[in-house]
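Source file structure-v4.txt; content: compact mmCIF, C-alpha atoms.
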```txt
# COMPACT_ATOMS: atom_id res chain seq x y z
CA SER M 1046 -31.98 7.45 -1.47
CA SER M 1047 -31.03 3.99 -2.71
CA ARG M 1048 -34.20 3.72 -4.85
CA LYS M 1049 -33.34 3.89 -8.52
CA MET M 1050 -35.62 5.59 -11.04
CA LEU M 1051 -35.01 6.07 -14.73
CA ILE M 1052 -36.32 9.54 -15.50
CA ASP M 1053 -35.48 12.34 -17.86
CA ILE M 1054 -34.38 15.58 -16.25
CA TYR M 1055 -34.94 18.79 -18.20
CA ILE M 1056 -31.84 20.94 -17.94
CA PRO M 1057 -31.96 24.53 -19.26
CA LYS M 1058 -29.00 25.40 -21.51
CA ASP M 1059 -27.59 27.88 -18.98
CA LYS M 1060 -27.53 25.12 -16.34
CA LEU M 1061 -25.42 22.62 -18.36
CA GLY M 1062 -22.24 23.47 -16.46
CA GLY M 1063 -20.11 22.94 -19.58
CA ALA M 1064 -21.35 19.34 -20.13
CA GLU M 1065 -21.29 18.15 -23.74
CA HIS M 1066 -23.20 15.48 -25.62
CA GLY M 1067 -21.88 11.97 -24.86
CA GLN M 1068 -20.51 12.88 -21.45
CA LYS M 1069 -21.53 11.52 -18.07
CA ALA M 1070 -22.47 14.02 -15.42
CA ILE M 1071 -24.13 14.36 -12.03
CA ALA M 1072 -27.29 16.43 -11.97
CA ARG M 1073 -29.30 17.90 -9.13
CA ILE M 1074 -33.10 18.15 -9.35
CA THR M 1075 -34.07 21.75 -8.61
CA ASP M 1076 -37.80 21.75 -9.28
CA TRP M 1077 -40.62 19.37 -10.21
CA PRO M 1078 -43.76 21.34 -11.05
CA VAL M 1079 -47.03 19.55 -10.27
CA LYS M 1080 -48.14 19.15 -13.89
CA ALA M 1081 -44.71 18.43 -15.41
CA SER M 1082 -43.95 14.82 -16.42
CA SER M 1083 -40.25 15.29 -15.68
CA PRO M 1084 -38.29 17.35 -13.17
CA PHE M 1085 -36.03 20.32 -13.90
CA GLY M 1086 -32.39 20.27 -12.83
CA GLU M 1087 -28.86 21.50 -13.23
CA ILE M 1088 -25.48 19.81 -13.82
CA ILE M 1089 -23.31 19.97 -10.71
CA GLU M 1090 -20.33 17.89 -11.89
CA VAL M 1091 -19.11 16.68 -15.28
CA LEU M 1092 -17.48 13.24 -14.93
CA GLY M 1093 -16.04 13.04 -18.47
CA ASN M 1094 -16.65 11.16 -21.71
CA ALA M 1095 -18.75 8.02 -21.41
CA GLY M 1096 -16.72 4.85 -21.90
CA GLU M 1097 -13.45 6.36 -20.66
CA HIS M 1098 -11.99 4.51 -17.71
CA ASN M 1099 -11.77 7.40 -15.26
CA THR M 1100 -15.26 8.61 -16.12
CA GLU M 1101 -16.77 5.19 -15.52
CA ILE M 1102 -14.93 4.70 -12.20
CA HIS M 1103 -16.15 8.12 -11.02
CA ALA M 1104 -19.66 7.20 -12.15
CA VAL M 1105 -19.47 4.06 -9.99
CA LEU M 1106 -18.28 6.15 -7.03
CA ALA M 1107 -21.16 8.59 -7.55
CA GLU M 1108 -23.76 5.84 -8.03
CA PHE M 1109 -22.89 4.14 -4.76
CA GLY M 1110 -22.25 7.34 -2.84
CA LEU M 1111 -18.55 6.51 -2.35
CA PRO M 1112 -16.30 9.41 -1.39
CA ASN M 1113 -13.65 10.37 -3.94
CA GLN M 1114 -11.40 12.19 -1.49
CA PHE M 1115 -11.00 13.01 2.17
CA PRO M 1116 -12.20 16.33 3.58
CA GLU M 1117 -9.29 18.73 4.02
CA GLU M 1118 -9.45 18.70 7.83
CA VAL M 1119 -9.20 14.88 7.84
CA GLU M 1120 -6.15 14.88 5.53
CA ARG M 1121 -4.61 17.58 7.69
CA ALA M 1122 -5.26 15.61 10.89
CA ALA M 1123 -3.60 12.55 9.34
CA ASP M 1124 -0.58 14.55 8.16
CA GLU M 1125 -0.15 16.21 11.54
CA LEU M 1126 -0.10 12.94 13.51
CA ASP M 1127 3.07 12.35 15.47
CA THR M 1128 4.19 9.08 13.91
CA ALA M 1129 7.57 8.78 15.63
CA ILE M 1130 7.64 5.73 17.88
CA LYS M 1131 8.88 6.98 21.23
CA GLU M 1132 11.08 4.86 23.49
CA ASP M 1133 9.08 5.99 26.54
CA GLU M 1134 5.83 4.77 24.86
CA ILE M 1135 7.51 1.37 24.48
CA ALA M 1136 8.88 1.38 28.01
CA LYS M 1137 5.56 2.41 29.59
CA ASN M 1138 2.87 0.76 27.45
CA ARG M 1139 4.37 -1.83 25.10
CA ARG M 1140 5.98 -5.22 25.07
CA ASP M 1141 8.94 -5.16 22.72
CA PHE M 1142 8.78 -7.90 20.07
CA ARG M 1143 11.03 -6.27 17.50
CA LYS M 1144 13.54 -9.13 17.71
CA VAL M 1145 10.87 -11.82 17.14
CA PRO M 1146 10.83 -12.87 13.45
CA THR M 1147 7.28 -12.00 12.38
CA PHE M 1148 6.16 -12.03 8.75
CA THR M 1149 3.23 -10.90 6.60
CA ILE M 1150 1.59 -12.74 3.68
CA ASP M 1151 -0.48 -10.66 1.26
CA PRO M 1152 -1.32 -10.40 -2.45
CA ALA M 1153 1.57 -9.30 -4.70
CA ASP M 1154 -0.06 -5.91 -5.35
CA ALA M 1155 -1.09 -5.21 -1.74
CA LYS M 1156 -0.37 -1.65 -0.66
CA ASP M 1157 -0.92 -2.14 3.06
CA PHE M 1158 -0.17 -4.93 5.51
CA ASP M 1159 -2.68 -5.22 8.34
CA ASP M 1160 -1.57 -8.35 10.12
CA ALA M 1161 1.66 -10.18 10.84
CA ILE M 1162 2.25 -13.57 12.42
CA ASN M 1163 5.01 -15.59 14.05
CA VAL M 1164 4.72 -19.28 14.80
CA GLU M 1165 7.21 -21.65 16.35
CA THR M 1166 6.88 -25.28 17.30
CA THR M 1167 7.13 -26.25 20.97
CA PRO M 1168 7.46 -29.71 22.56
CA SER M 1169 3.67 -29.80 23.11
CA GLY M 1170 2.52 -28.05 19.92
CA TRP M 1171 2.87 -24.44 18.79
CA ARG M 1172 3.36 -20.95 20.13
CA VAL M 1173 1.72 -18.34 17.91
CA GLY M 1174 1.70 -14.54 17.89
CA ILE M 1175 -0.82 -12.69 15.73
CA HIS M 1176 -0.24 -8.95 15.39
CA ILE M 1177 -2.70 -6.34 14.10
CA ALA M 1178 -1.69 -2.73 13.45
CA ASP M 1179 -2.73 -0.66 16.49
CA VAL M 1180 -4.89 1.90 14.67
CA SER M 1181 -6.52 3.02 17.94
CA HIS M 1182 -3.19 4.51 19.05
CA TYR M 1183 -3.50 7.07 16.24
CA VAL M 1184 -7.25 7.42 15.65
CA LYS M 1185 -8.74 8.78 18.86
CA PRO M 1186 -12.51 8.77 19.55
CA LYS M 1187 -14.55 11.83 18.50
CA THR M 1188 -11.79 13.28 16.29
CA ALA M 1189 -12.22 14.26 12.62
CA LEU M 1190 -10.37 11.05 11.62
CA ASP M 1191 -12.68 8.95 13.76
CA HIS M 1192 -15.87 10.58 12.41
CA GLU M 1193 -14.74 10.16 8.79
CA ALA M 1194 -13.75 6.49 9.30
CA HIS M 1195 -17.08 5.94 11.05
CA SER M 1196 -19.08 7.37 8.16
CA ARG M 1197 -17.11 5.31 5.60
CA GLY M 1198 -17.37 2.14 7.66
CA ASN M 1199 -14.86 0.17 5.58
CA SER M 1200 -12.44 0.37 2.67
CA VAL M 1201 -13.85 -0.35 -0.79
CA TYR M 1202 -11.82 -2.20 -3.43
CA LEU M 1203 -12.44 -1.35 -7.08
CA ALA M 1204 -10.63 -2.77 -10.11
CA ASP M 1205 -7.99 -0.05 -10.17
CA ARG M 1206 -8.05 1.60 -6.74
CA VAL M 1207 -8.93 1.37 -3.09
CA ILE M 1208 -11.27 3.87 -1.45
CA PRO M 1209 -9.66 3.60 2.00
CA MET M 1210 -11.41 4.06 5.32
CA LEU M 1211 -8.44 6.07 6.62
CA PRO M 1212 -6.11 8.48 4.78
CA GLU M 1213 -3.01 6.96 3.19
CA ALA M 1214 -0.68 8.46 5.83
CA LEU M 1215 -2.30 5.88 8.13
CA SER M 1216 -3.52 3.02 5.91
CA ASN M 1217 -0.36 2.76 3.78
CA GLY M 1218 1.97 4.39 6.28
CA ILE M 1219 2.20 4.10 10.03
CA CYS M 1220 -0.57 1.44 10.29
CA SER M 1221 0.92 -0.79 7.61
CA LEU M 1222 3.17 -3.52 9.04
CA LYS M 1223 5.94 -3.04 6.51
CA GLN M 1224 9.12 -5.07 6.48
CA GLY M 1225 12.05 -3.82 8.52
CA VAL M 1226 10.35 -0.88 10.27
CA ASP M 1227 9.01 -0.48 13.81
CA ARG M 1228 5.22 -0.54 14.10
CA LEU M 1229 2.85 -0.37 17.05
CA ALA M 1230 0.58 -3.39 17.18
CA PHE M 1231 -2.08 -5.14 19.20
CA SER M 1232 -1.13 -8.77 19.64
CA VAL M 1233 -2.66 -12.10 20.64
CA PHE M 1234 -0.31 -14.82 21.89
CA ALA M 1235 -1.46 -18.40 22.26
CA ASP M 1236 0.03 -21.76 23.16
CA ILE M 1237 -1.83 -24.43 21.20
CA THR M 1238 -1.43 -28.16 21.75
CA GLN M 1239 -0.95 -30.70 18.95
CA GLY M 1240 -4.60 -31.69 19.41
CA GLY M 1241 -5.73 -28.10 18.91
CA LYS M 1242 -6.50 -27.14 22.50
CA ILE M 1243 -5.65 -23.57 23.46
CA ALA M 1244 -3.48 -24.00 26.54
CA SER M 1245 -3.02 -20.29 27.24
CA VAL M 1246 -3.84 -16.92 25.68
CA ARG M 1247 -2.34 -13.49 26.37
CA PHE M 1248 -3.12 -10.09 24.88
CA ALA M 1249 -0.69 -7.19 24.71
CA LYS M 1250 0.03 -3.85 23.15
CA THR M 1251 3.34 -4.37 21.40
CA VAL M 1252 5.95 -2.92 19.09
CA ILE M 1253 7.03 -5.24 16.25
CA ARG M 1254 9.30 -5.15 13.22
CA SER M 1255 8.22 -7.46 10.39
CA ALA M 1256 11.17 -9.57 9.24
CA ALA M 1257 9.67 -10.57 5.88
CA ARG M 1258 6.95 -9.42 3.52
CA LEU M 1259 5.81 -12.50 1.58
CA THR M 1260 3.34 -12.70 -1.28
CA TYR M 1261 0.92 -15.64 -1.34
CA LYS M 1262 2.91 -17.10 -4.24
CA GLU M 1263 6.21 -16.82 -2.33
CA ALA M 1264 4.68 -18.44 0.76
CA PHE M 1265 3.23 -21.21 -1.43
CA ALA M 1266 6.68 -21.79 -2.97
CA ILE M 1267 8.23 -22.11 0.51
CA LEU M 1268 5.51 -24.59 1.54
CA SER M 1269 6.02 -26.61 -1.65
CA LYS M 1270 9.58 -27.45 -0.57
CA LYS M 1271 10.79 -29.26 2.54
CA PRO M 1272 11.59 -26.88 5.43
CA GLY M 1273 15.02 -25.36 4.71
CA GLY M 1274 17.62 -24.55 7.32
CA ASP M 1275 16.68 -20.88 7.37
CA MET M 1276 14.52 -19.26 10.01
CA LEU M 1277 11.82 -17.99 7.60
CA SER M 1278 11.24 -21.36 5.95
CA GLU M 1279 10.97 -23.06 9.34
CA ARG M 1280 8.52 -20.44 10.65
CA VAL M 1281 6.31 -20.61 7.53
CA HIS M 1282 6.22 -24.42 7.73
CA ALA M 1283 5.46 -24.26 11.46
CA ALA M 1284 2.61 -21.84 10.69
CA TRP M 1285 1.17 -24.23 8.11
CA GLY M 1286 1.53 -27.16 10.54
CA LEU M 1287 -0.60 -25.24 13.04
CA SER M 1288 -3.06 -23.91 10.44
CA SER M 1289 -3.66 -27.25 8.72
CA MET M 1290 -4.39 -28.86 12.11
CA LEU M 1291 -6.81 -26.03 13.05
CA ARG M 1292 -8.47 -26.35 9.65
CA LYS M 1293 -9.01 -30.12 9.97
CA LYS M 1294 -10.43 -29.58 13.45
CA ARG M 1295 -12.78 -26.86 12.20
CA PHE M 1296 -14.22 -29.04 9.44
CA ALA M 1297 -14.56 -31.96 11.85
CA ALA M 1298 -16.70 -29.63 13.99
CA GLY M 1299 -19.04 -28.96 11.05
CA SER M 1300 -17.52 -25.96 9.28
CA LEU M 1301 -18.50 -25.65 5.60
CA GLU M 1302 -15.95 -25.54 2.77
CA LEU M 1303 -17.28 -22.66 0.66
CA ASP M 1304 -14.05 -21.28 -0.78
CA PHE M 1305 -14.21 -19.75 -4.24
CA PRO M 1306 -11.32 -18.81 -6.47
CA GLU M 1307 -11.18 -15.04 -6.74
CA ILE M 1308 -11.10 -13.60 -10.26
CA LYS M 1309 -8.57 -10.80 -10.40
CA VAL M 1310 -8.85 -8.29 -13.23
CA TRP M 1311 -5.58 -6.88 -14.54
CA LEU M 1312 -5.72 -3.47 -16.23
CA ASP M 1313 -3.36 -1.84 -18.72
CA GLU M 1314 -2.06 1.71 -18.27
CA ASN M 1315 -5.25 3.09 -19.87
CA GLY M 1316 -7.39 1.24 -17.36
CA ARG M 1317 -8.68 -1.30 -19.89
CA PRO M 1318 -9.06 -4.90 -18.63
CA VAL M 1319 -6.49 -7.03 -20.45
CA ARG M 1320 -6.26 -10.23 -18.41
CA LEU M 1321 -8.22 -12.26 -15.90
CA GLU M 1322 -6.37 -14.30 -13.30
CA LYS M 1323 -7.96 -17.03 -11.23
CA VAL M 1324 -6.58 -16.78 -7.68
CA GLU M 1325 -7.15 -20.13 -5.96
CA ASN M 1326 -7.66 -20.24 -2.21
CA ASP M 1327 -4.53 -22.37 -1.68
CA ILE M 1328 -2.63 -23.31 1.48
CA SER M 1329 -0.84 -19.94 1.62
CA HIS M 1330 -4.24 -18.16 1.89
CA GLN M 1331 -5.59 -20.79 4.30
CA LEU M 1332 -2.55 -20.36 6.55
CA ILE M 1333 -3.37 -16.68 7.19
CA GLU M 1334 -7.13 -17.36 7.37
CA GLU M 1335 -6.77 -19.93 10.15
CA CYS M 1336 -4.45 -17.70 12.18
CA MET M 1337 -6.92 -14.79 11.88
CA LEU M 1338 -9.83 -17.03 12.87
CA ALA M 1339 -7.85 -18.25 15.90
CA ALA M 1340 -7.15 -14.63 16.91
CA ASN M 1341 -10.81 -13.65 16.45
CA GLU M 1342 -12.00 -16.60 18.53
CA ALA M 1343 -9.51 -15.81 21.28
CA VAL M 1344 -10.72 -12.20 21.40
CA ALA M 1345 -14.39 -13.25 21.31
CA LYS M 1346 -13.87 -15.68 24.22
CA GLU M 1347 -12.09 -12.99 26.23
CA ILE M 1348 -14.88 -10.47 25.58
CA LYS M 1349 -17.42 -13.08 26.68
CA ARG M 1350 -15.41 -13.95 29.79
CA LEU M 1351 -15.15 -10.27 30.77
CA ARG M 1352 -18.87 -9.76 29.92
CA VAL M 1353 -18.03 -6.72 27.80
CA PRO M 1354 -21.00 -5.66 25.63
CA SER M 1355 -19.99 -6.09 21.99
CA ILE M 1356 -21.42 -6.40 18.50
CA TYR M 1357 -21.18 -9.78 16.85
CA ARG M 1358 -22.81 -11.60 13.98
CA VAL M 1359 -24.70 -14.89 14.12
CA HIS M 1360 -25.57 -17.20 11.24
CA GLU M 1361 -29.02 -18.55 12.03
CA ASN M 1362 -30.13 -21.95 10.80
CA PRO M 1363 -31.71 -21.70 7.35
CA GLU M 1364 -35.49 -21.93 7.05
CA MET M 1365 -36.89 -25.27 5.88
CA GLU M 1366 -38.59 -23.63 2.85
CA ARG M 1367 -35.23 -22.26 1.69
CA LEU M 1368 -33.70 -25.74 2.00
CA GLU M 1369 -36.59 -27.20 -0.03
CA GLU M 1370 -36.05 -24.53 -2.72
CA PHE M 1371 -32.38 -25.47 -2.79
CA ARG M 1372 -33.23 -29.18 -3.05
CA ALA M 1373 -35.38 -28.44 -6.15
CA PHE M 1374 -32.65 -26.20 -7.62
CA ALA M 1375 -30.03 -28.97 -7.12
CA ALA M 1376 -32.38 -31.55 -8.66
CA GLY M 1377 -32.47 -29.35 -11.79
CA TYR M 1378 -28.73 -30.12 -12.11
CA GLY M 1379 -29.39 -33.81 -11.49
CA VAL M 1380 -27.87 -33.55 -8.01
CA ARG M 1381 -29.63 -35.46 -5.24
CA VAL M 1382 -29.22 -34.16 -1.71
CA GLY M 1383 -29.75 -35.67 1.73
CA ASP M 1384 -31.36 -34.00 4.74
CA LEU M 1385 -29.71 -30.58 4.53
CA SER M 1386 -30.81 -29.60 8.03
CA GLN M 1387 -27.90 -31.85 9.11
CA ARG M 1388 -24.52 -30.13 8.72
CA GLY M 1389 -22.86 -33.43 7.89
CA GLU M 1390 -25.12 -33.82 4.86
CA VAL M 1391 -24.27 -30.30 3.65
CA GLN M 1392 -20.56 -31.16 4.00
CA LYS M 1393 -21.11 -34.40 2.05
CA LEU M 1394 -22.88 -32.47 -0.72
CA LEU M 1395 -20.08 -29.88 -0.95
CA LEU M 1396 -17.48 -32.66 -1.15
CA SER M 1397 -19.40 -34.40 -3.96
CA LEU M 1398 -19.56 -31.16 -5.99
CA ARG M 1399 -15.79 -30.65 -6.09
CA GLY M 1400 -14.54 -30.19 -9.64
CA THR M 1401 -17.99 -30.50 -11.25
CA PRO M 1402 -19.30 -27.89 -13.74
CA GLU M 1403 -22.19 -27.02 -11.40
CA GLU M 1404 -19.97 -26.60 -8.30
CA TYR M 1405 -20.06 -22.79 -8.16
CA ALA M 1406 -23.74 -22.42 -9.06
CA LEU M 1407 -24.72 -24.73 -6.19
CA LYS M 1408 -22.14 -23.37 -3.72
CA ILE M 1409 -23.43 -19.82 -4.19
```

Could I get this structure in the form of structure tokens?
Amino acid sequence: SSRKMLIDIYIPKDKLGGAEHGQKAIARITDWPVKASSPFGEIIEVLGNAGEHNTEIHAVLAEFGLPNQFPEEVERAADELDTAIKEDEIAKNRRDFRKVPTFTIDPADAKDFDDAINVETTPSGWRVGIHIADVSHYVKPKTALDHEAHSRGNSVYLADRVIPMLPEALSNGICSLKQGVDRLAFSVFADITQGGKIASVRFAKTVIRSAARLTYKEAFAILSKKPGGDMLSERVHAAWGLSSMLRKKRFAAGSLELDFPEIKVWLDENGRPVRLEKVENDISHQLIEECMLAANEAVAKEIKRLRVPSIYRVHENPEMERLEEFRAFAAGYGVRVGDLSQRGEVQKLLLSLRGTPEEYALKI
């Protein structure tokens, strides 16, 4: 269960499983006699010496019930997938966008690329394509892969590794939109006017070939210069033109600016943290964010229009007592706030906090 208790477990010497003093281990409780103050148990896995990087990571995995590897049948199912992209699959079920210059923007150390975009300007605004790896082509319902992904629910990112939802053959392989290779995708296409109206939306199963794999820093460098004569520079600038307009429109409609810089921990080869890097949410991140939001909204509207039952999340209005608590908390920092039940006042507060020492405390 998720309830934590600090208790001693008596482990008979013949049940130590080779564990030595100073090591971390996982124990199983085997018996708890009525009159005994502590339970009896046995060691089922030795994680290693306390304080060593691998030991501590495995302790984190154990503590949160995170799987360390895939069951054999799941790995086998992933390895046996037919990953060749067949011409008849394209002819029958796909629209071919391999000649369209799409690109991905991800962190420098990203191992997989989930989404690619292409944006071009049109006389009335922009034409955008947002492409997500078509995982459903490979992971079929009720299969071992599907059950395992379902039980994991998501990928988990730790300082030195990812615990992926799907085996690497999929997550880093055929479902990663790598540069210069054909990949099956699910795509949203939209024509958006200069004022931000969506003039038309289309959805399609596609095959794409990413023309460029950019890091956030590379995309930022392109955006810091005037658009060059090359295709990539023009497309990245067009994408930012669209994204910056969508962003302005979103904040005008009451969206809250709650971006935080991410603190990235760099490790040396022994897994010891040696450097912290502050990763600001700059325009290269915002560019991708706005495109993904646009795709999500387009899909949500389509689901609503078709009346397809679906799961979605709502953010309810905060309770008045919580807002009063926040008002008192802010006053402790000498910050006076208006009527926070009005979104405009919350936006005004967030704007006034920019660059102040208390910004993060109050944003959180």

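Of the listed residues M:Leu1061, M:Val1246, M:Ala1204, M:Ile1130, the one whose atoms come nearest to M:Ile1308 is M:Ala1204, with distances taken using only C-alpha atoms.
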
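In terms of minimum interatomic distance to M:Asn1094, M:Gln1068 ranks closest within M:Ser1355, M:Gln1068, M:Asn1113, M:Ser1300, counting all atoms listed in the file.
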
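Excluding M:Ile1409 itself and any same-chain residue fewer than 4 positions from it, the protein and nucleic acid residues within 12 Å of it, counting all atoms listed in the file, are Glu1302, Leu1303, Asp1304, Phe1305, Phe1371, Phe1374, Ala1375, Leu1395, Glu1403, Glu1404 and Tyr1405 of chain M.
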
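Interatomic distance, atom CA of M:Ile1088 to atom CA of M:Gly1062: 5.6 Å.
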
Mind working out the centre and edge lengths of an axis-aligned box for stretch 1071-1076 of chain M, all listed atoms inside, 4 Å added to each side, rounded to one decimal in Å and written as lines of an AutoDock Vina configuration file?
```
center_x = -31.0
center_y = 18.1
center_z = -10.3
size_x = 21.7
size_y = 15.4
size_z = 11.4
```

One decimal, in Å: what's the spacing between atom CA of M:Lys1349 and atom CA of M:Phe1231? 18.8 Å

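Minimum distance to M:Tyr1378 across M:Val1344, M:Ile1135, M:Val1233, M:Leu1407 (counting all atoms listed in the file) occurs at M:Leu1407.
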
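The shortest atom-to-atom distance to M:Ala1153, with all atoms listed in the file taken into account, belongs to M:Ala1264 out of M:Ala1189, M:Ile1328, M:Leu1106, M:Ala1264.
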
Interatomic distance (Å, one decimal) between atom CA of M:Leu1229 and atom CA of M:Ser1196: 24.9 Å
